[in-house]
Structure formats: structure tokens, C-alpha cells
Amino acid sequence: MRSRSFLQLLAKEFRELLASRAFWLMLLFVGLLVGHGFITAVGLYAEMSGTGGGPAALPQGLNSLDGVIVPTWGAYDLAATLLFPFVAIRTISSEKESGALKLLLQLPGTLITKLTAKGVVLLLAWLIAWIPGAVAIVLWRSYGGHVYAPETLNLLLGHGLRGLLSGGLGIAAAALTDGAASAAIVTLAFTVGTWALDFVAAGRGGLVQQLASYTPTAALRSFEQGLLRLNAVAVIALLSCAGFGLAAVWLNTGRTIRSRLLRTLLLLVVAAGLVWAGASLRKTWDVSENRRNSFSLQDEATLRRIDQPLKITIFLSPEDPRLTDFEQNVLRRLRRVLGKLEVEYAASSRTGLFETGDDHYGEIWYELGGQRVVERSTIEEVVLDQIYQLAKLDPPQRPNADESFGGFPLAAQPKHAATIFYIVWPLVVIVTWWVSRR
């Protein structure tokens, strides 16, 4: 890849990227979306921090990641879903429609090398689109806002993987279909399918919930919460590579349809095996500043002494707020500590409206070592004490409340943000596009 021919391929793909109207439109809209998200987030953060000198509302819950950075960079989730795939699709569909693909295949180098060049340029395009987001972080720092580097870099990693997956999906869809319109339908169908999987898997447990945890939205959510999951990184990277591999199979027009189908089947089998292996990786890192994904160090040390399987049966519907609290404050942390944890969702409806006749609704059963205890509370300390009781362990000495995360309230106004994102950025994009055309 360090050869002169590969550099020439990169230069060719970059020139075609600059000639793509989809790329420039994406840059224009991303800047506007980031600006709107940033201005709104800073205003809401200031209100919660006590605008006008008033006291802050729940200051321990005010942190830059949730209050400003995640809402601002939410524009990139939207861009990766609805904008960036079309940039990726154009890199293949335009060459197929114009006949340039046949000339490209005749150039020196393998098809994998040429697709790698396209992938590198697409990644560069995605990083260029990050400029408004980086400007927003710089502006927030200039206002005096606090930015914790580990969780911010973790969020950027999540958005980088999100863009890589969208690029792989777009490349694969363009290779499988005859035109850009058909490829766009395929990518949108995939996106809608992941949304449907997220909806169906809510509060279901089992294999469906495990599959839903690797959808783009669910995987990105863990990065937004300051949790780095090795299995999510591995699965998304493997799926992205599989997309480029699928494109390599179907862009090789010298092979018969039967040969390409067999190679596709082989690729899917190998990719499924690698994805399964990647999904089995359990290593996680809590990089959040307030340790939101972890119990106290004392509780984690005690929980690691439990070597028997723990089964939790939950009689709460997916739309019950108690289930949300339990999953966020207890289950997510237990999964990081306990190696043998089984969770079963026993409610039969989504809302709980038709569970009133069930005497068990609202209960949570804990089974360990042949013993079972029933509890209705979803409070972290109560749940842990029940688990310790089953495991015949003494509860540890927990830290005092005054040692908890204090938050970073800041009643700042988004100065110059509207000018930068709504005037300066569009002008920069338009002028750069005009210069590149000349």
C-alpha cells in the first residue's frame, strides 16, 4: 500500500470525492445540524446550571458529556444514517453507471487494493466532516466548560466506528445493486431493520436482546455513556470489513454469478464466525468521569468473589420506568462484574397495563446457589444487599455520599456559535467547493 500506484489511487479517489456533490452537501448540512445541537445544548445546560446567578438544579448530574458533547455530536449519528451512506454509494455507483469501473479494474493492482483506497478516502471524508464538531468542543472549552479527555475520545471512537460501518454498508449496497437509487433503498431498509430490532428487543432478553446490542444505535449509546466495549468495537469493525469484502466479490465482473454467490456464502459464513467470536469478548472499560457504569470499588471487589451463576427474573414491562432504572443502575453494572449472569424478562406485555391481574408483576427474583429471594426495589444498595445475602457475603463499607461526583455546572451563553455555524461554515464549504471545481 506504500507503493506509488496506491498513492495514485488515493489521489484519484480523493479527486472524485471533491467532485461529489453529495460530499459537499453532507458537509453543509452537518455544520448546520452541529450548530443547532450545540447552541440548544449550551442554552439548556446554562438553565440547569442556574442562569442569572441562581442555584444549579442537581449539580451532580451536570457533566459536559451528557449535557453538551453528546447532544452536539448527535448530528453525526443522523449524518451517518441518512447522509454519509450516499457519499459511499456514489464512489461505486457513479463508476458503474459511467463505465469507468471497467477501466478501473484494468489498472494495475488487485480489486482489494482499489477498494482499500476507497475506504481510506471515505474515512478521510468522515474525519473532515468532524470539523464542526471539533469546533464546538473548542468553543465549549473557551466558555470555561469542562471536558474529560478519556470519555470524549471514547465518544469519538464510537462515531468513527459508526461512520466506518455506514461506509461499508454503502459500498456493499452499491456493489450489489445496479444504480444509486436501488443502493439507497437497501441502506435505508437496513437502517429501518435495525430500528425495528431495537424496538422488538426492548425488555425481551435472550438472543434477540444480544443481537440488538450490536445495532448502530445501541452500540453508539454505550460509547455515549462512557463505556468502551471490546465486543462492540470488534463486531462493528468486522461488519464494516465484511461490507468491503462483499463489494470485492460482486465487483469482480469476470466471475460468473454462480461463483460470486458461492464466494458470498463463504464470506458470510466466515464473517458470522468472526462476529460470533468478537461478540464473546467480555472486556469493558468504564472511562466515564463519574464512574456511571460501575459500582463502588468496594462493591465490585465483593461481587467478584461470587463464583456461582446468578439468575435474575424481572416481572416488569419494557415501558415501565422501574425497568429502565434497574437496567441503567444495576444490570449494566452487574454484567461488567459477574461472569455468570442470566437475565430473564417475564412480563408478557410492553406497557404493563394488562399485568394487573398477575400477582408477580413488579417483582424481581434473584436465584443463586439453589436459593431464591424476591424483591420489588430497584435501588442499587437494596439489590446488592439481596445478592450478598444469597451469596452469604458481608456487605462492604461503601464510600460516603459527600465523596460522590459533584458535577460541573456552568451558566455560559453560546457566544459567536450562531455566526460560526450558520454563516462562516456554509461560506467556507461553498468557497472550497467552488475552488475545487476550478
# chains A, B, ... in the order shown; residues from 1 in each chain; ligands from 1

call {"tool": "residues_around", "arguments": {"residues": "Pro309 (chain A)", "least_positions_apart": "5", "cutoff": "7 Å", "atoms": "only C-alpha atoms", "output": "list in words"}}
result
Lys340, Leu341 and Leu368 of chain A

call {"tool": "closest_atom_pairs", "arguments": {"of": "region 251-343 of chain A", "to": "region 211-226 of chain A", "cutoff": "8 Å", "atoms": "only C-alpha atoms", "output": "Markdown table"}}
result
| residue | atom | partner | partner_atom | distance |
| --- | --- | --- | --- | --- |
| A:Asp286 | CA | A:Gly226 | CA | 6.2 |
| A:Val287 | CA | A:Gly226 | CA | 5.3 |
| A:Ser288 | CA | A:Gly226 | CA | 4.5 |
| A:Arg292 | CA | A:Gln225 | CA | 7.8 |
| A:Asn293 | CA | A:Gly226 | CA | 7.6 |

call {"tool": "closest_residue", "arguments": {"among": "A:Val87, A:Ala346, A:Ala136, A:Leu331", "to": "Trp24 (chain A)", "atoms": "only C-alpha atoms"}}
result
A:Val87

call {"tool": "atom_distance", "arguments": {"atom1": "CA of Arg304 (chain A)", "atom2": "CA of Ile364 (chain A)"}}
result
21.6 Å

call {"tool": "residues_around", "arguments": {"residues": "Asp77 (chain A)", "least_positions_apart": "5", "cutoff": "10 Å", "atoms": "only C-alpha atoms", "output": "compact mmCIF listing (two decimals) with N, CA and C atoms, in the first residue's frame"}}
result
# COMPACT_ATOMS: atom_id res chain seq x y z
N LEU A 82 -28.29 8.95 7.38
CA LEU A 82 -29.03 9.47 6.23
C LEU A 82 -28.19 10.19 5.20
N LEU A 83 -26.94 10.56 5.52
CA LEU A 83 -26.14 11.35 4.59
C LEU A 83 -24.89 10.62 4.10
N PHE A 84 -24.10 10.14 5.04
CA PHE A 84 -22.80 9.54 4.66
C PHE A 84 -22.94 8.30 3.77
N GLY A 158 -16.52 5.89 19.02
CA GLY A 158 -17.83 5.36 18.66
C GLY A 158 -18.35 5.95 17.36
N HIS A 159 -18.20 7.25 17.20
CA HIS A 159 -18.66 7.88 15.95
C HIS A 159 -17.78 7.49 14.77
N ARG A 162 -19.02 4.18 13.81
CA ARG A 162 -20.35 4.36 13.19
C ARG A 162 -20.21 4.78 11.74
N GLY A 163 -19.30 5.70 11.47
CA GLY A 163 -19.08 6.12 10.09
C GLY A 163 -18.47 5.02 9.25
N PRO A 216 -26.30 -0.25 15.22
CA PRO A 216 -25.56 1.02 15.30
C PRO A 216 -26.03 1.93 16.42
N THR A 217 -27.35 2.04 16.62
CA THR A 217 -27.86 2.93 17.65
C THR A 217 -27.48 2.44 19.04
N LEU A 220 -23.62 2.69 19.65
CA LEU A 220 -23.20 4.08 19.86
C LEU A 220 -23.65 4.57 21.23

call {"tool": "select_by_dssp", "arguments": {"residues": "region 61-303 of chain A", "states": "strand (DSSP E or B)", "output": "list of chain:residue names"}}
result
A:Gly205, A:Leu227, A:Leu228, A:Arg229, A:Thr284, A:Trp285, A:Asp286

call {"tool": "closest_residue", "arguments": {"among": "A:Ser377, A:Gln8, A:Thr256, A:Asn290", "to": "Asp66 (chain A)", "atoms": "only C-alpha atoms"}}
result
A:Asn290

call {"tool": "residues_around", "arguments": {"residues": "Gln106 (chain A)", "least_positions_apart": "5", "cutoff": "12 Å", "atoms": "only C-alpha atoms", "output": "JSON, numbers by chain"}}
result
{"A": [100, 101, 111, 114, 252, 253, 254]}

call {"tool": "write_last_selection", "arguments": {"atoms": "N, CA and C atoms", "output": "PDB file, in the first residue's frame"}}
result
ATOM      1  N   ALA A 100     -16.747   3.661 -15.998  1.00  0.00           N
ATOM      2  CA  ALA A 100     -15.368   3.833 -15.538  1.00  0.00           C
ATOM      3  C   ALA A 100     -14.897   2.664 -14.686  1.00  0.00           C
ATOM      4  N   LEU A 101     -15.845   1.896 -14.152  1.00  0.00           N
ATOM      5  CA  LEU A 101     -15.457   0.754 -13.319  1.00  0.00           C
ATOM      6  C   LEU A 101     -14.671  -0.269 -14.134  1.00  0.00           C
ATOM      7  N   LEU A 111      -8.251  -5.845  -6.831  1.00  0.00           N
ATOM      8  CA  LEU A 111      -9.506  -5.168  -6.513  1.00  0.00           C
ATOM      9  C   LEU A 111      -9.559  -4.795  -5.030  1.00  0.00           C
ATOM     10  N   LYS A 114      -7.823  -1.525  -4.545  1.00  0.00           N
ATOM     11  CA  LYS A 114      -8.611  -0.390  -5.021  1.00  0.00           C
ATOM     12  C   LYS A 114      -9.748  -0.065  -4.069  1.00  0.00           C
ATOM     13  N   ASN A 252     -16.188  -7.970  -9.036  1.00  0.00           N
ATOM     14  CA  ASN A 252     -15.340  -8.775  -9.923  1.00  0.00           C
ATOM     15  C   ASN A 252     -16.218  -9.358 -11.032  1.00  0.00           C
ATOM     16  N   THR A 253     -16.462  -8.566 -12.054  1.00  0.00           N
ATOM     17  CA  THR A 253     -17.386  -8.948 -13.120  1.00  0.00           C
ATOM     18  C   THR A 253     -16.847 -10.066 -13.999  1.00  0.00           C
ATOM     19  N   GLY A 254     -15.575 -10.430 -13.834  1.00  0.00           N
ATOM     20  CA  GLY A 254     -15.031 -11.516 -14.633  1.00  0.00           C
ATOM     21  C   GLY A 254     -15.475 -12.886 -14.166  1.00  0.00           C
TER      22      GLY A 254
END

call {"tool": "residues_around", "arguments": {"residues": "Arg437 (chain A)", "least_positions_apart": "4", "cutoff": "8 Å", "atoms": "only C-alpha atoms", "output": "list in words"}}
result
Leu18, Ala19 and Trp433 of chain A

call {"tool": "write_last_selection", "arguments": {"atoms": "C-alpha atoms", "output": "JSON list (two decimals), in the first residue's frame"}}
result
[["chain", "number", "residue", "atom", "x", "y", "z"],
["A", 18, "LEU", "CA", -14.11, 16.53, -4.18],
["A", 19, "ALA", "CA", -16.21, 16.22, -7.35],
["A", 433, "TRP", "CA", -16.33, 23.61, -3.32]]

call {"tool": "atom_distance", "arguments": {"atom1": "CA of Tyr366 (chain A)", "atom2": "CA of Lys392 (chain A)"}}
result
13.6 Å

call {"tool": "closest_residue", "arguments": {"among": "A:Phe86, A:Tyr45, A:Trp250, A:Phe23", "to": "Pro414 (chain A)", "atoms": "only C-alpha atoms"}}
result
A:Tyr45

call {"tool": "residues_around", "arguments": {"residues": "Phe421 (chain A)", "least_positions_apart": "5", "cutoff": "12 Å", "atoms": "only C-alpha atoms", "output": "CSV table (one decimal) with N, CA and C atoms, in the first residue's frame"}}
result
chain,number,residue,atom,x,y,z
A,27,LEU,N,-21.3,18.0,4.1
A,27,LEU,CA,-20.5,19.0,5.0
A,27,LEU,C,-21.4,20.2,5.3
A,28,LEU,N,-22.2,20.6,4.4
A,28,LEU,CA,-23.0,21.8,4.6
A,28,LEU,C,-24.1,21.5,5.7
A,29,PHE,N,-24.8,20.4,5.5
A,29,PHE,CA,-25.8,20.1,6.5
A,29,PHE,C,-25.3,19.7,7.8
A,30,VAL,N,-24.2,19.0,7.9
A,30,VAL,CA,-23.6,18.6,9.2
A,30,VAL,C,-23.2,19.8,10.0
A,31,GLY,N,-22.7,20.8,9.4
A,31,GLY,CA,-22.3,22.0,10.1
A,31,GLY,C,-23.6,22.7,10.7
A,32,LEU,N,-24.6,22.7,9.9
A,32,LEU,CA,-25.9,23.3,10.4
A,32,LEU,C,-26.5,22.5,11.6
A,33,LEU,N,-26.5,21.2,11.4
A,33,LEU,CA,-27.0,20.3,12.5
A,33,LEU,C,-26.2,20.4,13.7
A,34,VAL,N,-24.9,20.4,13.6
A,34,VAL,CA,-24.0,20.5,14.8
A,34,VAL,C,-24.2,21.9,15.5
A,35,GLY,N,-24.3,22.9,14.7
A,35,GLY,CA,-24.5,24.2,15.3
A,35,GLY,C,-25.8,24.3,16.0
A,36,HIS,N,-26.9,23.8,15.5
A,36,HIS,CA,-28.2,23.8,16.2
A,36,HIS,C,-28.1,23.0,17.5
A,37,GLY,N,-27.5,21.8,17.4
A,37,GLY,CA,-27.4,21.0,18.6
A,37,GLY,C,-26.5,21.6,19.6
A,38,PHE,N,-25.5,22.3,19.2
A,38,PHE,CA,-24.6,22.9,20.2
A,38,PHE,C,-25.2,24.1,20.9
A,39,ILE,N,-25.9,24.9,20.1
A,39,ILE,CA,-26.5,26.1,20.7
A,39,ILE,C,-27.6,25.7,21.6
A,131,ILE,N,-15.0,18.4,11.5
A,131,ILE,CA,-14.5,19.8,11.8
A,131,ILE,C,-15.5,20.6,12.6
A,132,PRO,N,-16.8,20.7,12.2
A,132,PRO,CA,-17.8,21.4,13.0
A,132,PRO,C,-17.9,20.9,14.5
A,133,GLY,N,-17.9,19.6,14.6
A,133,GLY,CA,-17.9,19.0,16.0
A,133,GLY,C,-16.7,19.4,16.8
A,134,ALA,N,-15.5,19.4,16.2
A,134,ALA,CA,-14.3,19.8,16.9
A,134,ALA,C,-14.4,21.2,17.3
A,135,VAL,N,-14.9,22.1,16.4
A,135,VAL,CA,-15.0,23.5,16.7
A,135,VAL,C,-16.0,23.7,17.9
A,136,ALA,N,-17.0,22.9,17.9
A,136,ALA,CA,-18.0,23.0,19.1
A,136,ALA,C,-17.3,22.7,20.4
A,139,LEU,N,-15.1,25.6,21.3
A,139,LEU,CA,-15.9,26.7,21.8
A,139,LEU,C,-16.4,26.5,23.2
A,414,PRO,N,-23.8,30.6,24.4
A,414,PRO,CA,-23.1,30.2,23.1
A,414,PRO,C,-22.7,31.4,22.3
A,415,LYS,N,-21.7,32.1,22.8
A,415,LYS,CA,-21.2,33.3,22.0
A,415,LYS,C,-20.6,32.9,20.7
A,416,HIS,N,-20.9,33.7,19.7
A,416,HIS,CA,-20.3,33.5,18.3
A,416,HIS,C,-20.7,32.2,17.7
A,426,PRO,N,-21.0,27.6,6.3
A,426,PRO,CA,-21.5,27.5,4.9
A,426,PRO,C,-20.7,28.2,3.9
A,427,LEU,N,-20.2,29.4,4.3
A,427,LEU,CA,-19.4,30.1,3.3
A,427,LEU,C,-18.1,29.4,3.0
A,428,VAL,N,-17.5,28.8,4.1
A,428,VAL,CA,-16.2,28.0,3.8
A,428,VAL,C,-16.5,26.8,2.9
A,429,VAL,N,-17.6,26.1,3.2
A,429,VAL,CA,-17.9,25.0,2.3
A,429,VAL,C,-18.2,25.4,0.9

call {"tool": "residues_around", "arguments": {"residues": "Ala237 (chain A)", "least_positions_apart": "4", "cutoff": "8 Å", "atoms": "only C-alpha atoms", "output": "list in words"}}
result
Leu161, Leu164, Leu165, Val233 and Cys241 of chain A

call {"tool": "decode", "arguments": {"residues": "region 14-121 of chain A", "atoms": "C-alpha atoms", "output": "PDB file, in the first residue's frame"}}
result
ATOM      1  CA  PHE A  14      -9.797  11.990  -3.361  1.00  0.00           C
ATOM      2  CA  ARG A  15     -10.334  13.989  -6.556  1.00  0.00           C
ATOM      3  CA  GLU A  16     -13.561  12.074  -7.170  1.00  0.00           C
ATOM      4  CA  LEU A  17     -14.609  12.807  -3.593  1.00  0.00           C
ATOM      5  CA  LEU A  18     -14.115  16.528  -4.183  1.00  0.00           C
ATOM      6  CA  ALA A  19     -16.206  16.224  -7.350  1.00  0.00           C
ATOM      7  CA  SER A  20     -19.064  14.620  -5.404  1.00  0.00           C
ATOM      8  CA  ARG A  21     -21.951  16.951  -4.658  1.00  0.00           C
ATOM      9  CA  ALA A  22     -23.157  14.500  -2.009  1.00  0.00           C
ATOM     10  CA  PHE A  23     -19.948  15.095  -0.041  1.00  0.00           C
ATOM     11  CA  TRP A  24     -20.266  18.872  -0.094  1.00  0.00           C
ATOM     12  CA  LEU A  25     -23.955  18.755   0.768  1.00  0.00           C
ATOM     13  CA  MET A  26     -23.142  16.481   3.699  1.00  0.00           C
ATOM     14  CA  LEU A  27     -20.534  18.957   4.950  1.00  0.00           C
ATOM     15  CA  LEU A  28     -23.010  21.820   4.633  1.00  0.00           C
ATOM     16  CA  PHE A  29     -25.840  20.079   6.471  1.00  0.00           C
ATOM     17  CA  VAL A  30     -23.583  18.584   9.151  1.00  0.00           C
ATOM     18  CA  GLY A  31     -22.328  22.032  10.098  1.00  0.00           C
ATOM     19  CA  LEU A  32     -25.871  23.348  10.428  1.00  0.00           C
ATOM     20  CA  LEU A  33     -27.010  20.330  12.464  1.00  0.00           C
ATOM     21  CA  VAL A  34     -23.994  20.525  14.772  1.00  0.00           C
ATOM     22  CA  GLY A  35     -24.548  24.241  15.276  1.00  0.00           C
ATOM     23  CA  HIS A  36     -28.198  23.777  16.168  1.00  0.00           C
ATOM     24  CA  GLY A  37     -27.388  20.956  18.572  1.00  0.00           C
ATOM     25  CA  PHE A  38     -24.564  22.893  20.219  1.00  0.00           C
ATOM     26  CA  ILE A  39     -26.497  26.125  20.696  1.00  0.00           C
ATOM     27  CA  THR A  40     -29.516  24.285  22.096  1.00  0.00           C
ATOM     28  CA  ALA A  41     -27.386  22.125  24.412  1.00  0.00           C
ATOM     29  CA  VAL A  42     -25.398  25.069  25.813  1.00  0.00           C
ATOM     30  CA  GLY A  43     -28.611  27.009  26.467  1.00  0.00           C
ATOM     31  CA  LEU A  44     -30.232  24.090  28.310  1.00  0.00           C
ATOM     32  CA  TYR A  45     -27.030  23.446  30.256  1.00  0.00           C
ATOM     33  CA  ALA A  46     -26.970  27.080  31.359  1.00  0.00           C
ATOM     34  CA  GLU A  47     -30.584  26.856  32.557  1.00  0.00           C
ATOM     35  CA  MET A  48     -29.821  23.743  34.585  1.00  0.00           C
ATOM     36  CA  SER A  49     -26.724  25.424  35.985  1.00  0.00           C
ATOM     37  CA  GLY A  50     -28.710  28.391  37.260  1.00  0.00           C
ATOM     38  CA  THR A  51     -28.831  31.212  34.732  1.00  0.00           C
ATOM     39  CA  GLY A  52     -28.778  34.648  36.348  1.00  0.00           C
ATOM     40  CA  GLY A  53     -26.859  33.571  39.438  1.00  0.00           C
ATOM     41  CA  GLY A  54     -29.475  31.151  40.775  1.00  0.00           C
ATOM     42  CA  PRO A  55     -28.614  27.756  42.257  1.00  0.00           C
ATOM     43  CA  ALA A  56     -27.909  24.834  39.955  1.00  0.00           C
ATOM     44  CA  ALA A  57     -30.533  22.098  39.682  1.00  0.00           C
ATOM     45  CA  LEU A  58     -28.965  18.755  40.685  1.00  0.00           C
ATOM     46  CA  PRO A  59     -25.356  19.878  40.056  1.00  0.00           C
ATOM     47  CA  GLN A  60     -24.065  16.313  40.497  1.00  0.00           C
ATOM     48  CA  GLY A  61     -25.878  15.382  37.306  1.00  0.00           C
ATOM     49  CA  LEU A  62     -24.313  18.157  35.225  1.00  0.00           C
ATOM     50  CA  ASN A  63     -21.406  16.998  33.111  1.00  0.00           C
ATOM     51  CA  SER A  64     -20.227  18.100  29.704  1.00  0.00           C
ATOM     52  CA  LEU A  65     -20.539  14.697  28.072  1.00  0.00           C
ATOM     53  CA  ASP A  66     -24.290  14.318  28.648  1.00  0.00           C
ATOM     54  CA  GLY A  67     -25.145  17.999  28.636  1.00  0.00           C
ATOM     55  CA  VAL A  68     -23.227  19.344  25.651  1.00  0.00           C
ATOM     56  CA  ILE A  69     -20.932  16.967  23.740  1.00  0.00           C
ATOM     57  CA  VAL A  70     -23.316  14.034  23.180  1.00  0.00           C
ATOM     58  CA  PRO A  71     -26.252  16.268  22.047  1.00  0.00           C
ATOM     59  CA  THR A  72     -23.913  18.199  19.754  1.00  0.00           C
ATOM     60  CA  TRP A  73     -22.349  15.111  18.205  1.00  0.00           C
ATOM     61  CA  GLY A  74     -25.767  13.525  17.843  1.00  0.00           C
ATOM     62  CA  ALA A  75     -25.774  15.264  14.467  1.00  0.00           C
ATOM     63  CA  TYR A  76     -23.179  12.748  13.317  1.00  0.00           C
ATOM     64  CA  ASP A  77     -25.417   9.822  14.163  1.00  0.00           C
ATOM     65  CA  LEU A  78     -28.036  11.372  11.904  1.00  0.00           C
ATOM     66  CA  ALA A  79     -25.421  12.065   9.234  1.00  0.00           C
ATOM     67  CA  ALA A  80     -24.093   8.501   9.379  1.00  0.00           C
ATOM     68  CA  THR A  81     -27.640   7.204   8.951  1.00  0.00           C
ATOM     69  CA  LEU A  82     -29.032   9.473   6.229  1.00  0.00           C
ATOM     70  CA  LEU A  83     -26.139  11.353   4.586  1.00  0.00           C
ATOM     71  CA  PHE A  84     -22.801   9.544   4.662  1.00  0.00           C
ATOM     72  CA  PRO A  85     -24.066   6.296   3.035  1.00  0.00           C
ATOM     73  CA  PHE A  86     -24.897   8.275  -0.104  1.00  0.00           C
ATOM     74  CA  VAL A  87     -21.313   9.575  -0.250  1.00  0.00           C
ATOM     75  CA  ALA A  88     -20.093   5.981  -0.060  1.00  0.00           C
ATOM     76  CA  ILE A  89     -22.649   4.776  -2.613  1.00  0.00           C
ATOM     77  CA  ARG A  90     -21.513   7.358  -5.143  1.00  0.00           C
ATOM     78  CA  THR A  91     -17.923   6.073  -5.122  1.00  0.00           C
ATOM     79  CA  ILE A  92     -19.161   2.835  -6.708  1.00  0.00           C
ATOM     80  CA  SER A  93     -22.433   3.653  -8.450  1.00  0.00           C
ATOM     81  CA  SER A  94     -21.043   6.583 -10.456  1.00  0.00           C
ATOM     82  CA  GLU A  95     -18.266   4.398 -11.871  1.00  0.00           C
ATOM     83  CA  LYS A  96     -20.707   1.604 -12.671  1.00  0.00           C
ATOM     84  CA  GLU A  97     -23.136   3.933 -14.435  1.00  0.00           C
ATOM     85  CA  SER A  98     -20.433   5.749 -16.447  1.00  0.00           C
ATOM     86  CA  GLY A  99     -18.493   2.600 -17.352  1.00  0.00           C
ATOM     87  CA  ALA A 100     -15.368   3.833 -15.538  1.00  0.00           C
ATOM     88  CA  LEU A 101     -15.457   0.754 -13.319  1.00  0.00           C
ATOM     89  CA  LYS A 102     -14.317  -1.432 -16.235  1.00  0.00           C
ATOM     90  CA  LEU A 103     -11.316   0.851 -16.762  1.00  0.00           C
ATOM     91  CA  LEU A 104     -10.575   0.835 -13.027  1.00  0.00           C
ATOM     92  CA  LEU A 105     -10.495  -2.969 -12.948  1.00  0.00           C
ATOM     93  CA  GLN A 106      -7.930  -2.959 -15.764  1.00  0.00           C
ATOM     94  CA  LEU A 107      -5.497  -0.768 -13.825  1.00  0.00           C
ATOM     95  CA  PRO A 108      -2.541  -2.400 -12.013  1.00  0.00           C
ATOM     96  CA  GLY A 109      -3.278  -3.734  -8.555  1.00  0.00           C
ATOM     97  CA  THR A 110      -5.868  -6.024  -7.048  1.00  0.00           C
ATOM     98  CA  LEU A 111      -9.506  -5.168  -6.513  1.00  0.00           C
ATOM     99  CA  ILE A 112      -8.942  -5.329  -2.742  1.00  0.00           C
ATOM    100  CA  THR A 113      -6.271  -2.637  -3.053  1.00  0.00           C
ATOM    101  CA  LYS A 114      -8.611  -0.390  -5.021  1.00  0.00           C
ATOM    102  CA  LEU A 115     -11.413  -0.842  -2.509  1.00  0.00           C
ATOM    103  CA  THR A 116      -8.946  -0.141   0.295  1.00  0.00           C
ATOM    104  CA  ALA A 117      -8.126   3.164  -1.352  1.00  0.00           C
ATOM    105  CA  LYS A 118     -11.832   3.993  -1.487  1.00  0.00           C
ATOM    106  CA  GLY A 119     -12.173   3.057   2.177  1.00  0.00           C
ATOM    107  CA  VAL A 120      -9.257   5.266   3.220  1.00  0.00           C
ATOM    108  CA  VAL A 121     -10.698   8.236   1.334  1.00  0.00           C
TER     109      VAL A 121
END
